[in-house]
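**Q** Next comes run.cif, mmCIF, C-alpha atoms:
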```
data_work
loop_
_atom_site.label_atom_id
_atom_site.label_comp_id
_atom_site.auth_asym_id
_atom_site.auth_seq_id
_atom_site.Cartn_x
_atom_site.Cartn_y
_atom_site.Cartn_z
CA MET A 128 0.00 0.00 0.00
CA LYS A 129 2.71 2.39 1.04
CA LYS A 130 4.62 1.53 -2.10
CA ILE A 131 1.66 2.31 -4.29
CA VAL A 132 1.16 5.66 -2.62
CA ILE A 133 4.79 6.54 -3.13
CA ALA A 134 4.65 5.42 -6.73
CA SER A 135 1.63 7.56 -7.40
CA VAL A 136 3.22 10.57 -5.74
CA VAL A 137 6.31 10.13 -7.86
CA GLY A 138 4.07 9.66 -10.85
CA SER A 139 2.20 12.89 -10.26
CA ILE A 140 5.43 14.81 -9.73
CA ALA A 141 6.68 13.52 -13.04
CA PHE A 142 3.38 14.53 -14.59
CA LEU A 143 3.56 17.99 -13.10
CA ASN A 144 7.07 18.44 -14.40
CA GLY A 145 5.92 17.21 -17.78
CA ALA A 146 3.23 19.85 -17.92
CA ASN A 147 5.62 22.61 -16.94
CA PHE A 148 8.40 22.46 -19.47
CA ASN A 149 7.32 25.90 -20.64
CA GLU A 150 7.21 27.38 -17.14
CA GLU A 151 10.31 29.55 -17.53
CA ALA A 152 9.25 30.63 -21.01
CA GLU A 153 5.76 31.60 -19.81
CA LYS A 154 7.23 33.66 -17.00
CA ASP A 155 9.56 35.40 -19.47
CA ARG A 156 6.77 36.06 -21.94
CA LYS A 157 4.46 37.60 -19.35
CA ALA A 158 7.23 39.76 -17.89
CA LEU A 159 8.16 40.98 -21.37
CA ILE A 160 4.56 42.01 -22.08
CA ALA A 161 4.35 43.76 -18.70
CA TYR A 162 7.60 45.60 -19.41
CA PHE A 163 6.61 46.90 -22.84
CA GLU A 164 3.08 47.83 -21.78
CA LYS A 165 4.52 49.81 -18.89
CA LYS A 166 7.22 51.43 -21.00
CA PHE A 167 4.70 52.66 -23.56
CA ALA A 168 1.83 53.27 -21.12
CA ASP A 169 1.89 57.06 -21.04
CA LYS A 170 4.21 59.97 -21.45
CA LYS A 171 4.43 60.57 -17.71
CA ASN A 172 7.02 57.76 -17.50
CA ALA A 173 8.75 58.81 -20.69
CA ALA A 174 11.73 60.54 -19.08
CA LEU A 175 12.48 57.33 -17.20
CA TYR A 176 12.33 55.01 -20.19
CA PHE A 177 13.52 57.38 -22.92
CA PRO A 178 16.11 59.61 -21.27
CA TYR A 179 17.83 60.43 -24.57
CA THR A 180 14.78 61.22 -26.66
CA PRO A 181 13.99 64.95 -27.07
CA LYS A 182 10.90 65.97 -25.16
CA GLU A 183 9.04 67.36 -28.13
CA GLU A 184 9.55 64.12 -29.99
CA LEU A 185 7.97 62.19 -27.14
CA GLU A 186 5.16 64.75 -27.05
CA ASN A 187 4.45 64.92 -30.75
CA ASN A 188 5.53 61.74 -32.45
CA PHE A 189 4.74 59.04 -29.89
CA ARG A 190 1.51 57.18 -29.35
CA TRP A 191 0.97 55.92 -25.80
CA GLY A 192 -1.18 53.33 -24.10
CA ILE A 193 -0.03 50.56 -26.41
CA LYS A 194 -1.39 47.12 -25.65
CA TRP A 195 0.01 43.64 -26.21
CA GLU A 196 -1.44 42.89 -29.67
CA GLU A 197 -0.30 46.21 -31.13
CA PHE A 198 3.39 45.53 -30.58
CA ARG A 199 3.45 43.29 -33.63
CA LEU A 200 3.48 46.49 -35.68
CA GLY A 201 7.02 47.07 -34.44
CA SER A 202 8.01 50.70 -34.24
CA TYR A 203 4.84 51.65 -36.13
CA ALA A 204 2.95 50.85 -32.94
CA PHE A 205 4.33 54.01 -31.27
CA ASN A 206 5.91 56.11 -34.04
CA LYS A 207 3.19 58.29 -35.56
CA THR A 208 4.96 59.45 -38.72
CA GLY A 209 6.30 55.95 -39.37
CA ARG A 210 2.79 54.58 -38.95
CA ALA A 211 1.36 56.98 -41.49
CA GLN A 212 4.00 56.00 -44.06
CA TYR A 213 3.42 52.33 -43.28
CA GLU A 214 -0.28 52.62 -43.90
CA GLU A 215 0.36 54.37 -47.18
CA MET A 216 2.76 51.63 -48.31
CA ASN A 217 0.22 48.99 -47.39
CA GLU A 218 -2.41 50.44 -49.69
CA PHE A 219 -0.67 48.69 -52.55
CA PRO A 220 1.14 45.84 -50.84
CA PRO A 221 4.26 44.92 -52.81
CA TYR A 222 4.09 41.31 -51.62
CA GLU A 223 0.85 40.24 -53.34
CA ASP A 224 2.74 38.66 -56.23
CA ASN A 225 4.92 36.77 -53.78
CA ILE A 226 1.88 35.21 -52.15
CA GLU A 227 0.64 34.15 -55.59
CA ALA A 228 4.06 32.74 -56.48
CA GLY A 229 4.11 30.88 -53.16
CA LYS A 230 0.69 29.39 -53.86
CA GLU A 231 1.96 28.14 -57.22
CA LEU A 232 4.98 26.57 -55.56
CA TYR A 233 2.75 24.90 -53.01
CA GLU A 234 0.24 23.55 -55.49
CA LYS A 235 2.33 22.82 -58.57
CA THR A 236 5.84 21.77 -57.48
CA LYS A 237 6.39 18.10 -58.23
CA PHE A 238 9.36 16.46 -56.50
CA LYS A 239 11.58 13.78 -58.03
CA SER A 240 9.93 11.39 -55.59
CA GLY A 241 6.55 12.11 -57.19
CA LYS A 242 5.35 13.85 -54.06
CA SER A 243 4.71 17.55 -53.47
CA PHE A 244 4.68 20.16 -50.70
CA LYS A 245 1.09 19.11 -49.97
CA ASP A 246 2.37 15.75 -48.75
CA CYS A 247 4.70 17.44 -46.27
CA PHE A 248 2.28 20.24 -45.33
CA PRO A 249 -1.31 19.14 -45.89
CA ASP A 250 -2.48 22.35 -44.17
CA PRO A 251 -0.69 25.46 -45.39
CA ALA A 252 -1.92 27.57 -42.44
CA ILE A 253 1.10 26.65 -40.31
CA ALA A 254 3.19 29.82 -40.15
CA GLY A 255 2.43 30.24 -36.44
CA ASP A 256 3.43 26.70 -35.48
CA TYR A 257 7.15 27.11 -36.19
CA PRO A 258 9.86 26.91 -34.94
CA LYS A 259 9.17 23.49 -33.46
CA TYR A 260 11.36 21.30 -31.33
CA ILE A 261 11.54 17.91 -33.01
CA LYS A 262 13.22 14.99 -31.26
CA GLY A 263 16.39 13.96 -33.07
CA LYS A 264 16.38 17.13 -35.21
CA GLY A 265 16.40 19.88 -32.60
CA VAL A 266 14.70 23.19 -33.36
CA VAL A 267 13.28 23.42 -36.87
CA THR A 268 12.12 26.76 -38.27
CA LEU A 269 9.51 27.02 -41.01
CA GLY A 270 12.35 27.44 -43.50
CA GLY A 271 14.07 24.40 -42.02
CA ALA A 272 10.89 22.35 -42.37
CA ILE A 273 10.53 23.41 -46.02
CA ASN A 274 14.12 22.42 -46.73
CA ASN A 275 13.71 19.12 -44.87
CA CYS A 276 10.73 18.40 -47.09
CA LEU A 277 12.75 19.17 -50.23
CA VAL A 278 15.76 17.09 -49.19
CA GLU A 279 13.68 14.12 -48.04
CA ASN A 280 12.13 14.09 -51.49
CA GLY A 281 15.40 14.11 -53.38
CA GLU A 282 15.49 17.86 -54.08
CA LYS A 283 18.12 20.49 -53.33
CA PRO A 284 17.43 22.76 -50.32
CA TRP A 285 16.57 26.39 -51.03
CA ASN A 286 18.35 29.55 -49.91
CA MET A 287 16.87 30.26 -46.47
CA ASN A 288 16.82 34.04 -46.90
CA LYS A 289 14.81 34.96 -49.96
CA GLY A 290 13.44 33.93 -53.35
CA LYS A 291 11.28 30.82 -53.46
CA MET A 292 11.74 30.28 -49.75
CA ALA A 293 10.28 33.69 -48.93
CA ASP A 294 7.48 33.23 -51.48
CA LEU A 295 6.32 29.90 -50.10
CA GLN A 296 6.48 31.26 -46.56
CA ALA A 297 4.44 34.28 -47.71
CA TYR A 298 1.71 31.91 -48.88
CA PHE A 299 1.81 29.98 -45.60
CA ALA A 300 1.68 33.23 -43.62
CA ALA A 301 -1.15 34.73 -45.68
CA THR A 302 -3.21 31.53 -45.35
CA SER A 303 -2.57 31.47 -41.60
CA ARG A 304 -3.65 35.11 -41.30
CA GLU A 305 -6.81 34.44 -43.31
CA LYS A 306 -7.73 31.60 -40.99
CA GLY A 307 -7.11 33.69 -37.88
CA LYS A 308 -4.17 31.59 -36.69
CA LYS A 309 -2.02 32.63 -33.77
CA ILE A 310 1.62 32.15 -32.90
CA ASN A 311 1.58 28.79 -31.15
CA ILE A 312 5.05 27.72 -30.03
CA VAL A 313 5.21 24.54 -27.98
CA ILE A 314 7.82 23.59 -25.38
CA ASP A 315 6.94 20.09 -24.26
CA SER A 316 10.15 18.32 -23.32
CA LYS A 317 13.28 18.88 -21.30
CA GLU A 318 15.31 19.12 -24.51
CA ALA A 319 12.94 21.73 -25.94
CA ALA A 320 13.18 23.76 -22.73
CA GLU A 321 16.98 23.61 -22.93
CA ALA A 322 16.94 24.77 -26.55
CA TYR A 323 14.70 27.67 -25.50
CA ALA A 324 17.09 28.56 -22.68
CA ARG A 325 20.08 28.61 -25.06
CA GLY A 326 18.19 30.83 -27.49
CA LYS A 327 17.28 33.21 -24.70
CA LYS A 328 20.84 33.40 -23.45
CA ALA A 329 22.09 34.13 -26.96
CA TYR A 330 19.54 36.94 -27.26
CA TYR A 331 20.52 38.63 -24.02
CA SER A 332 24.31 38.16 -24.29
CA GLN A 333 26.43 41.05 -25.53
CA ARG A 334 28.37 40.09 -28.62
CA GLY A 335 30.67 41.42 -31.31
CA TYR A 336 33.16 44.25 -31.06
CA LEU A 337 30.30 46.64 -30.39
CA LYS A 338 29.42 44.76 -27.18
CA LEU A 339 25.72 44.83 -27.95
CA SER A 340 23.11 42.20 -27.28
CA CYS A 341 19.91 41.88 -29.28
CA ALA A 342 18.17 43.05 -26.11
CA THR A 343 20.26 46.22 -25.90
CA CYS A 344 18.40 47.42 -28.96
CA HIS A 345 15.10 45.49 -28.94
CA VAL A 346 14.28 45.31 -25.21
CA GLN A 347 15.91 48.11 -23.24
CA GLY A 348 16.53 50.11 -26.44
CA ALA A 349 13.12 49.62 -28.06
CA GLY A 350 11.62 53.03 -28.83
CA GLN A 351 15.00 54.73 -29.05
CA ARG A 352 16.60 55.62 -32.34
CA VAL A 353 19.70 54.54 -34.19
CA ARG A 354 20.55 56.02 -37.54
CA ASN A 355 17.18 57.73 -37.65
CA GLU A 356 15.26 54.49 -37.20
CA TYR A 357 13.21 53.65 -34.15
CA MET A 358 14.07 50.24 -32.74
CA SER A 359 11.17 47.86 -32.49
CA PRO A 360 10.32 45.69 -29.48
CA LEU A 361 11.17 42.00 -29.30
CA LEU A 362 7.52 41.39 -28.49
CA GLY A 363 5.79 40.78 -31.82
CA HIS A 364 9.03 40.44 -33.79
CA VAL A 365 8.16 37.16 -35.52
CA THR A 366 4.45 37.62 -36.25
CA HIS A 367 4.67 39.20 -39.68
CA PHE A 368 7.47 37.48 -41.60
CA PRO A 369 8.37 37.16 -44.38
CA VAL A 370 8.77 40.90 -44.72
CA TYR A 371 9.09 43.09 -47.81
CA ARG A 372 11.85 45.55 -47.01
CA LEU A 373 12.27 48.73 -48.99
CA LYS A 374 16.01 48.42 -48.44
CA TRP A 375 16.05 44.92 -49.97
CA GLU A 376 13.43 45.80 -52.59
CA ALA A 377 12.32 42.25 -51.99
CA LEU A 378 10.78 39.83 -49.56
CA GLY A 379 13.01 38.23 -46.93
CA THR A 380 12.66 35.70 -44.13
CA LEU A 381 13.14 36.18 -40.40
CA GLU A 382 16.53 34.48 -40.72
CA ARG A 383 17.65 37.06 -43.25
CA ARG A 384 16.71 39.90 -40.96
CA VAL A 385 18.33 38.37 -37.89
CA LYS A 386 21.51 37.68 -39.83
CA GLY A 387 21.70 41.36 -40.77
CA CYS A 388 21.31 42.50 -37.17
CA ASN A 389 23.83 39.90 -35.99
CA LYS A 390 26.35 41.30 -38.47
CA ASP A 391 25.63 44.83 -37.26
CA GLN A 392 26.69 43.71 -33.79
CA GLY A 393 30.21 43.24 -35.17
CA GLU A 394 30.23 39.48 -35.16
CA THR A 395 30.71 36.95 -37.93
CA PRO A 396 27.00 36.33 -38.48
CA HIS A 397 25.55 32.93 -37.72
CA LYS A 398 24.15 31.06 -40.67
CA PRO A 399 20.44 30.63 -41.25
CA GLY A 400 19.72 27.00 -40.43
CA SER A 401 22.46 26.83 -37.80
CA GLN A 402 21.57 25.58 -34.34
CA TRP A 403 22.31 29.06 -32.96
CA MET A 404 19.93 30.78 -35.37
CA ASN A 405 17.19 28.16 -34.92
CA GLU A 406 17.26 28.31 -31.14
CA LEU A 407 17.34 32.11 -31.15
CA ALA A 408 14.25 32.10 -33.39
CA TYR A 409 12.58 29.57 -31.06
CA PHE A 410 13.03 31.93 -28.12
CA MET A 411 11.90 34.97 -30.12
CA ALA A 412 8.81 33.18 -31.39
CA TYR A 413 7.80 32.02 -27.93
CA MET A 414 7.82 35.63 -26.76
CA SER A 415 5.11 36.33 -29.36
CA ASN A 416 2.95 33.36 -28.41
CA GLY A 417 -0.76 34.06 -28.68
CA LEU A 418 -0.37 36.99 -31.07
CA PRO A 419 -2.12 36.72 -34.45
CA VAL A 420 -0.06 35.66 -37.45
CA ASP A 421 0.14 38.80 -39.53
CA GLY A 422 2.46 38.19 -42.45
CA PRO A 423 3.63 39.05 -44.93
CA ASP A 424 4.22 42.68 -44.10
CA ILE A 425 6.27 45.76 -45.06
CA ARG A 426 9.17 47.41 -43.30
CA LYS A 427 11.65 50.10 -44.26
CA MET B 32 42.10 0.00 -22.23
CA LYS B 33 41.03 1.43 -25.52
CA LYS B 34 37.97 2.91 -23.82
CA ILE B 35 40.09 4.57 -21.19
CA VAL B 36 42.35 6.10 -23.79
CA LEU B 37 39.36 7.40 -25.76
CA ALA B 38 37.84 8.88 -22.64
CA ALA B 39 41.10 10.56 -21.79
CA VAL B 40 41.37 11.99 -25.28
CA ALA B 41 37.82 13.33 -25.20
CA PHE B 42 38.46 14.79 -21.77
CA GLY B 43 41.69 16.34 -22.96
CA VAL B 44 39.91 18.07 -25.80
CA THR B 45 37.28 19.71 -23.63
CA LEU B 46 39.91 20.62 -21.07
CA GLY B 47 42.02 22.16 -23.79
CA SER B 48 39.34 24.51 -25.06
CA ALA B 49 38.10 25.48 -21.61
CA ASN B 50 41.70 26.38 -20.87
CA LEU B 51 41.93 28.70 -23.86
CA LEU B 52 38.89 30.59 -22.65
CA GLU B 53 40.21 30.75 -19.10
CA GLU B 54 43.61 31.78 -20.37
CA ALA B 55 42.14 34.57 -22.48
CA VAL B 56 40.15 35.91 -19.55
CA LYS B 57 43.32 36.45 -17.54
CA LEU B 58 45.13 38.40 -20.25
CA ASP B 59 45.59 42.15 -20.27
CA VAL B 60 44.78 43.01 -23.89
CA LYS B 61 46.70 46.28 -23.80
CA LYS B 62 49.89 44.50 -22.80
CA VAL B 63 49.67 41.28 -24.81
CA CYS B 64 48.66 43.03 -28.03
CA ASP B 65 51.16 45.89 -27.80
CA VAL B 66 53.25 45.67 -30.95
CA LYS B 67 56.01 47.98 -29.73
CA THR B 68 56.88 45.89 -26.69
CA ASN B 69 56.16 42.41 -28.09
CA GLY B 70 56.92 42.68 -31.78
CA LEU B 71 54.64 41.86 -34.73
CA GLU B 72 55.25 38.09 -34.81
CA LYS B 73 54.35 37.57 -31.22
CA VAL B 74 51.23 39.70 -31.37
CA ILE B 75 49.84 38.00 -34.47
CA GLY B 76 50.76 34.67 -32.84
CA VAL B 77 48.46 35.49 -29.93
CA ALA B 78 45.65 36.28 -32.36
CA GLU B 79 46.28 32.99 -34.14
CA LYS B 80 46.20 31.07 -30.92
CA PHE B 81 42.88 32.41 -29.61
CA ASN B 82 40.75 33.20 -32.68
CA PRO B 83 39.96 29.56 -33.59
CA GLU B 84 38.34 29.20 -30.18
CA ALA B 85 36.22 32.29 -30.85
CA ILE B 86 35.16 30.75 -34.18
CA LYS B 87 34.30 27.50 -32.43
CA LEU B 88 32.14 29.27 -29.86
CA GLY B 89 30.39 31.32 -32.56
CA VAL B 90 31.67 34.67 -31.30
CA GLU B 91 34.32 35.69 -33.82
CA PHE B 92 34.44 39.46 -34.38
CA LYS B 93 33.81 41.03 -37.77
CA ARG B 94 34.31 44.65 -38.66
CA LEU B 95 33.78 46.58 -41.89
CA GLY B 96 32.98 43.30 -43.60
CA ILE B 97 36.23 41.65 -42.48
CA ARG B 98 36.24 38.60 -40.24
CA ASN B 99 39.06 38.36 -37.74
CA ARG B 100 40.38 35.22 -39.46
CA GLU B 101 40.99 37.40 -42.53
CA TYR B 102 42.78 40.07 -40.52
CA ILE B 103 45.03 37.34 -39.15
CA LYS B 104 45.73 35.58 -42.43
CA TYR B 105 46.70 38.66 -44.43
CA THR B 106 48.48 40.44 -41.60
CA LYS B 107 50.68 37.36 -41.23
CA GLU B 108 51.49 37.50 -44.92
CA ALA B 109 52.43 41.16 -44.65
CA ILE B 110 54.67 40.44 -41.67
CA LYS B 111 56.39 37.62 -43.50
CA LYS B 112 57.03 39.84 -46.49
CA LYS B 113 58.08 42.68 -44.18
CA GLN B 114 55.47 45.01 -45.67
CA LYS B 115 54.51 48.19 -43.85
CA GLU B 116 50.92 47.79 -44.99
CA ALA B 117 48.65 44.76 -44.90
CA VAL B 118 46.14 44.26 -47.68
CA ILE B 119 43.23 42.39 -46.13
CA LYS B 120 41.14 40.49 -48.63
CA TYR B 121 37.58 39.43 -47.96
CA LYS B 122 34.29 38.68 -49.65
CA GLU B 123 31.14 40.73 -49.49
CA LYS B 124 27.97 39.40 -51.09
CA GLY B 125 30.11 37.08 -53.18
CA LYS B 126 32.39 39.86 -54.43
CA GLU B 127 36.15 39.94 -53.77
CA LYS B 128 37.18 43.06 -51.90
CA SER B 129 40.16 44.38 -49.98
CA GLN B 130 41.14 47.08 -47.52
CA THR B 131 44.61 48.28 -46.59
CA PHE B 132 45.83 48.97 -43.04
CA PRO B 133 49.23 49.70 -41.49
CA THR B 134 50.61 46.27 -40.54
CA ASP B 135 51.16 47.05 -36.86
CA TYR B 136 47.63 48.39 -36.57
CA ALA B 137 46.19 45.29 -38.24
CA ALA B 138 48.17 42.99 -35.93
CA TRP B 139 46.99 44.89 -32.88
CA ARG B 140 43.41 44.71 -34.08
CA ALA B 141 43.55 40.97 -34.82
CA CYS B 142 45.05 40.31 -31.40
CA THR B 143 42.58 42.40 -29.41
CA PHE B 144 39.63 41.04 -31.38
CA ALA B 145 40.61 37.43 -30.74
CA ILE B 146 41.05 37.92 -27.00
CA ARG B 147 38.14 40.30 -26.45
CA ALA B 148 35.70 37.93 -28.15
CA LEU B 149 36.57 35.25 -25.60
CA GLN B 150 36.65 37.58 -22.63
CA GLN B 151 33.22 38.80 -23.60
CA VAL B 152 31.83 35.25 -23.44
CA LYS B 153 32.83 35.17 -19.78
CA GLU B 154 31.53 38.68 -19.10
CA ALA B 155 28.19 37.80 -20.68
CA GLU B 156 27.91 34.77 -18.39
CA GLU B 157 27.81 37.20 -15.50
CA THR B 158 25.68 39.94 -17.03
CA TRP B 159 23.12 38.52 -19.45
CA ARG B 160 20.45 37.84 -16.83
CA LEU B 161 20.60 41.48 -15.73
CA ALA B 162 18.86 42.37 -19.00
CA VAL B 163 16.00 39.85 -18.75
CA PRO B 164 12.72 41.54 -17.73
CA GLY B 165 11.26 39.85 -14.67
CA ASP B 166 14.61 38.26 -13.86
CA GLY B 167 17.62 40.51 -13.32
CA PHE B 168 16.03 43.51 -15.02
CA LYS B 169 13.53 45.30 -12.80
CA PHE B 170 11.23 47.82 -14.36
#
```
Would you mind writing the file's structure down as structure tokens?

**A**
Amino acid sequence: MKKIVIASVVGSIAFLNGANFNEEAEKDRKALIAYFEKKFADKKNAALYFPYTPKEELENNFRWGIKWEEFRLGSYAFNKTGRAQYEEMNEFPPYEDNIEAGKELYEKTKFKSGKSFKDCFPDPAIAGDYPKYIKGKGVVTLGGAINNCLVENGEKPWNMNKGKMADLQAYFAATSREKGKKINIVIDSKEAAEAYARGKKAYYSQRGYLKLSCATCHVQGAGQRVRNEYMSPLLGHVTHFPVYRLKWEALGTLERRVKGCNKDQGETPHKPGSQWMNELAYFMAYMSNGLPVDGPDIRK
Amino acid sequence: MKKIVLAAVAFGVTLGSANLLEEAVKLDVKKVCDVKTNGLEKVIGVAEKFNPEAIKLGVEFKRLGIRNREYIKYTKEAIKKKQKEAVIKYKEKGKEKSQTFPTDYAAWRACTFAIRALQQVKEAEETWRLAVPGDGFKF
């Protein structure tokens, strides 16, 4: 009898642990939301959070009282002039053709094996479900899953940054948005939790000769300016990719954007598809959990 | 027996790299990378010793499009040929490019970059949590 009781206690502890692999991540996510909502709550706190921003800029160009879901607009959530330009650009979205091209790729590509993308991804509304932790493979981003599908069917993997890869992801994102899908990142094993923790550490660690972490600019620095650009918050960073960037004059993936920022830190940038990049994206995506998928989108 | 040897080898490897990091942490960059007191060969030798570890840990420095491994490679060539200037070659978006620096400056840069990259890994260990909202970062 005693033995059975002990066994069941042990069993329930194991079960509890099993249900809580995302405990740290949930705590981080909620704290991040609380931080950004407080930072952008009203201009009374502005001097505290934006000590280097001229007063009239805070008075005239900032919107306040920003709530969780709005942060996916990046700096356009708080920057009034940027928002106006953004809305103008979105009147004729430059990514419509990419979505069409992506749909073609999804429906018409025939692999050497005779199969197609539909066999790998029966439901295209999956943009919010990646990155995923997959046993034996580690963290797999949407781009990684697309390339796994290609390789498993005897095809060459695509460039992770742009071109067909961005087009197919644009179709997945647009379909997800149409169906009202949300970012839905799962951490359901010890290994997944460890991958998350490594991604988080990479995000918050200063790197490169400039001694900057991603967080320097996108957590503590969000809302401040570098080179005349307002820095966007980490919260909501993954919701709207792939993104059409005016600077690229093309659509690019999340990996492409992160690689650019990693280079700007003064470090040999990590490759899209590398464990480092995948785990960083896993952490970033978890922070946006529950937000609507809203890609593709436009950025300067 | 074979197993023991293998284990010892594996152990030795991890020990070796941990040592490089620990060794780098203890160095005074200003002294070790000073070309006037140490000479060019020695300074570029320090860079060559530590940069592979930075590459391995994914923290190699890159500036103006040039990775530290390129600074090291072409600065060494310039030293060997006793040239006052080092022509550093590198690739940007698939295109071959180059920039020219005084050789002693390039050696100093390569040396400080290699060591600082490793020292920063250690510093980040201590500081990264201070930036996490709800953890070390109070708001």

**Q** I'd like the residues picked by the PyMOL selection byres ((chain A) within 6 of (chain B)) written out as an NGL selection string, using the chain letters and numbers from the file.

**A** :A and (158-159 or 331-332 or 335-336 or 393-395)

**Q** In Å, with one decimal, what is the gap from CA of Asn288 (chain A) to CA of Arg383 (chain A)?

**A**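 Between CA of Asn288 (chain A) and CA of Arg383 (chain A) the gap works out to 4.8 Å.
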
**Q** Rank A:Thr236, A:Asn275, A:Asn149, A:Asn280 by their smallest atom-to-atom distance to Glu318 (chain A), using only C-alpha atoms, and report the top residue only.

**A** A:Asn149

**Q** Which of these, A:Lys398, A:Lys328, A:Tyr357, A:Phe244, has the shortest distance to Thr208 (chain A) once you count all atoms listed in the file?

**A**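 Of A:Lys398, A:Lys328, A:Tyr357, A:Phe244, the one nearest Thr208 (chain A) is A:Tyr357, counting all atoms listed in the file.
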
**Q** Please list as a compact mmCIF listing (two decimals) with C-alpha atoms, keeping the file's coordinate frame every residue within 10 Å of Asp59 (chain B), counting only C-alpha atoms and excluding residues in the same chain fewer than 3 positions away.

**A**
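What follows is the written file around36.txt:
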```
# COMPACT_ATOMS: atom_id res chain seq x y z
CA ALA B 55 42.14 34.57 -22.48
CA VAL B 56 40.15 35.91 -19.55
CA LYS B 62 49.89 44.50 -22.80
CA VAL B 63 49.67 41.28 -24.81
CA CYS B 64 48.66 43.03 -28.03
CA THR B 143 42.58 42.40 -29.41
CA ILE B 146 41.05 37.92 -27.00
CA ARG B 147 38.14 40.30 -26.45
```

**Q** Of the candidates A:Cys247, A:Val267, A:Ile314, A:Met287, which one gets nearest to Ala408 (chain A) if we count all atoms listed in the file?

**A** A:Val267

**Q** Could you list, as a PDB file with C-alpha atoms, in the frame of the given file, every residue matched by the PyMOL selection byres ((chain B and resi 103) around 7) in this structure?

**A**
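expr-v9.pdb, written as the output of this step:
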```pdb
ATOM      1  CA  ILE B  75      49.840  38.000 -34.470  1.00  0.00           C
ATOM      2  CA  ALA B  78      45.650  36.280 -32.360  1.00  0.00           C
ATOM      3  CA  GLU B  79      46.280  32.990 -34.140  1.00  0.00           C
ATOM      4  CA  ASN B  99      39.060  38.360 -37.740  1.00  0.00           C
ATOM      5  CA  ARG B 100      40.380  35.220 -39.460  1.00  0.00           C
ATOM      6  CA  GLU B 101      40.990  37.400 -42.530  1.00  0.00           C
ATOM      7  CA  TYR B 102      42.780  40.070 -40.520  1.00  0.00           C
ATOM      8  CA  LYS B 104      45.730  35.580 -42.430  1.00  0.00           C
ATOM      9  CA  TYR B 105      46.700  38.660 -44.430  1.00  0.00           C
ATOM     10  CA  THR B 106      48.480  40.440 -41.600  1.00  0.00           C
ATOM     11  CA  LYS B 107      50.680  37.360 -41.230  1.00  0.00           C
ATOM     12  CA  ALA B 141      43.550  40.970 -34.820  1.00  0.00           C
TER      13      ALA B 141
END
```

**Q** Can you work out which one of A:Phe205, A:Tyr371, A:Trp195, A:Tyr409 has the shortest atom-to-atom distance to Ala319 (chain A), counting all atoms listed in the file?

**A**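 Answer, going by the shortest atom-to-atom distance: A:Tyr409.
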
**Q** Please provide the set of residues having any atom within 10 Å of Arg372 (chain A), restricted to all atoms listed in the file, with same-chain residues fewer than 5 positions apart removed, written as an NGL selection string.

**A** :A and (221-222 or 377-379 or 384 or 424-427)

**Q** Separation of CA of Lys182 (chain A) and CA of Phe198 (chain A), in Å?

**A**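 Separating CA of Lys182 (chain A) from CA of Phe198 (chain A) is a distance of 22.4 Å.
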
**Q** Might you spell out which residues the PyMOL selection byres ((chain A and resi 294-310) around 10) would select in the displayed file, as a compact mmCIF listing (two decimals) with C-alpha atoms, in the frame of the given file?

**A**
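File written: out.txt
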```
# COMPACT_ATOMS: atom_id res chain seq x y z
CA TYR A 222 4.09 41.31 -51.62
CA GLU A 223 0.85 40.24 -53.34
CA ASP A 224 2.74 38.66 -56.23
CA ASN A 225 4.92 36.77 -53.78
CA ILE A 226 1.88 35.21 -52.15
CA GLU A 227 0.64 34.15 -55.59
CA ALA A 228 4.06 32.74 -56.48
CA GLY A 229 4.11 30.88 -53.16
CA LYS A 230 0.69 29.39 -53.86
CA GLU A 231 1.96 28.14 -57.22
CA LEU A 232 4.98 26.57 -55.56
CA TYR A 233 2.75 24.90 -53.01
CA PHE A 244 4.68 20.16 -50.70
CA PHE A 248 2.28 20.24 -45.33
CA ASP A 250 -2.48 22.35 -44.17
CA PRO A 251 -0.69 25.46 -45.39
CA ALA A 252 -1.92 27.57 -42.44
CA ILE A 253 1.10 26.65 -40.31
CA ALA A 254 3.19 29.82 -40.15
CA GLY A 255 2.43 30.24 -36.44
CA ASP A 256 3.43 26.70 -35.48
CA TYR A 257 7.15 27.11 -36.19
CA PRO A 258 9.86 26.91 -34.94
CA LEU A 269 9.51 27.02 -41.01
CA GLY A 270 12.35 27.44 -43.50
CA ILE A 273 10.53 23.41 -46.02
CA LYS A 289 14.81 34.96 -49.96
CA GLY A 290 13.44 33.93 -53.35
CA LYS A 291 11.28 30.82 -53.46
CA MET A 292 11.74 30.28 -49.75
CA ALA A 293 10.28 33.69 -48.93
CA ASN A 311 1.58 28.79 -31.15
CA ILE A 312 5.05 27.72 -30.03
CA VAL A 313 5.21 24.54 -27.98
CA GLY A 363 5.79 40.78 -31.82
CA VAL A 365 8.16 37.16 -35.52
CA THR A 366 4.45 37.62 -36.25
CA HIS A 367 4.67 39.20 -39.68
CA PHE A 368 7.47 37.48 -41.60
CA PRO A 369 8.37 37.16 -44.38
CA VAL A 370 8.77 40.90 -44.72
CA TYR A 371 9.09 43.09 -47.81
CA LEU A 378 10.78 39.83 -49.56
CA GLY A 379 13.01 38.23 -46.93
CA THR A 380 12.66 35.70 -44.13
CA ALA A 412 8.81 33.18 -31.39
CA TYR A 413 7.80 32.02 -27.93
CA MET A 414 7.82 35.63 -26.76
CA SER A 415 5.11 36.33 -29.36
CA ASN A 416 2.95 33.36 -28.41
CA GLY A 417 -0.76 34.06 -28.68
CA LEU A 418 -0.37 36.99 -31.07
CA PRO A 419 -2.12 36.72 -34.45
CA VAL A 420 -0.06 35.66 -37.45
CA ASP A 421 0.14 38.80 -39.53
CA GLY A 422 2.46 38.19 -42.45
CA PRO A 423 3.63 39.05 -44.93
CA ASP A 424 4.22 42.68 -44.10
```
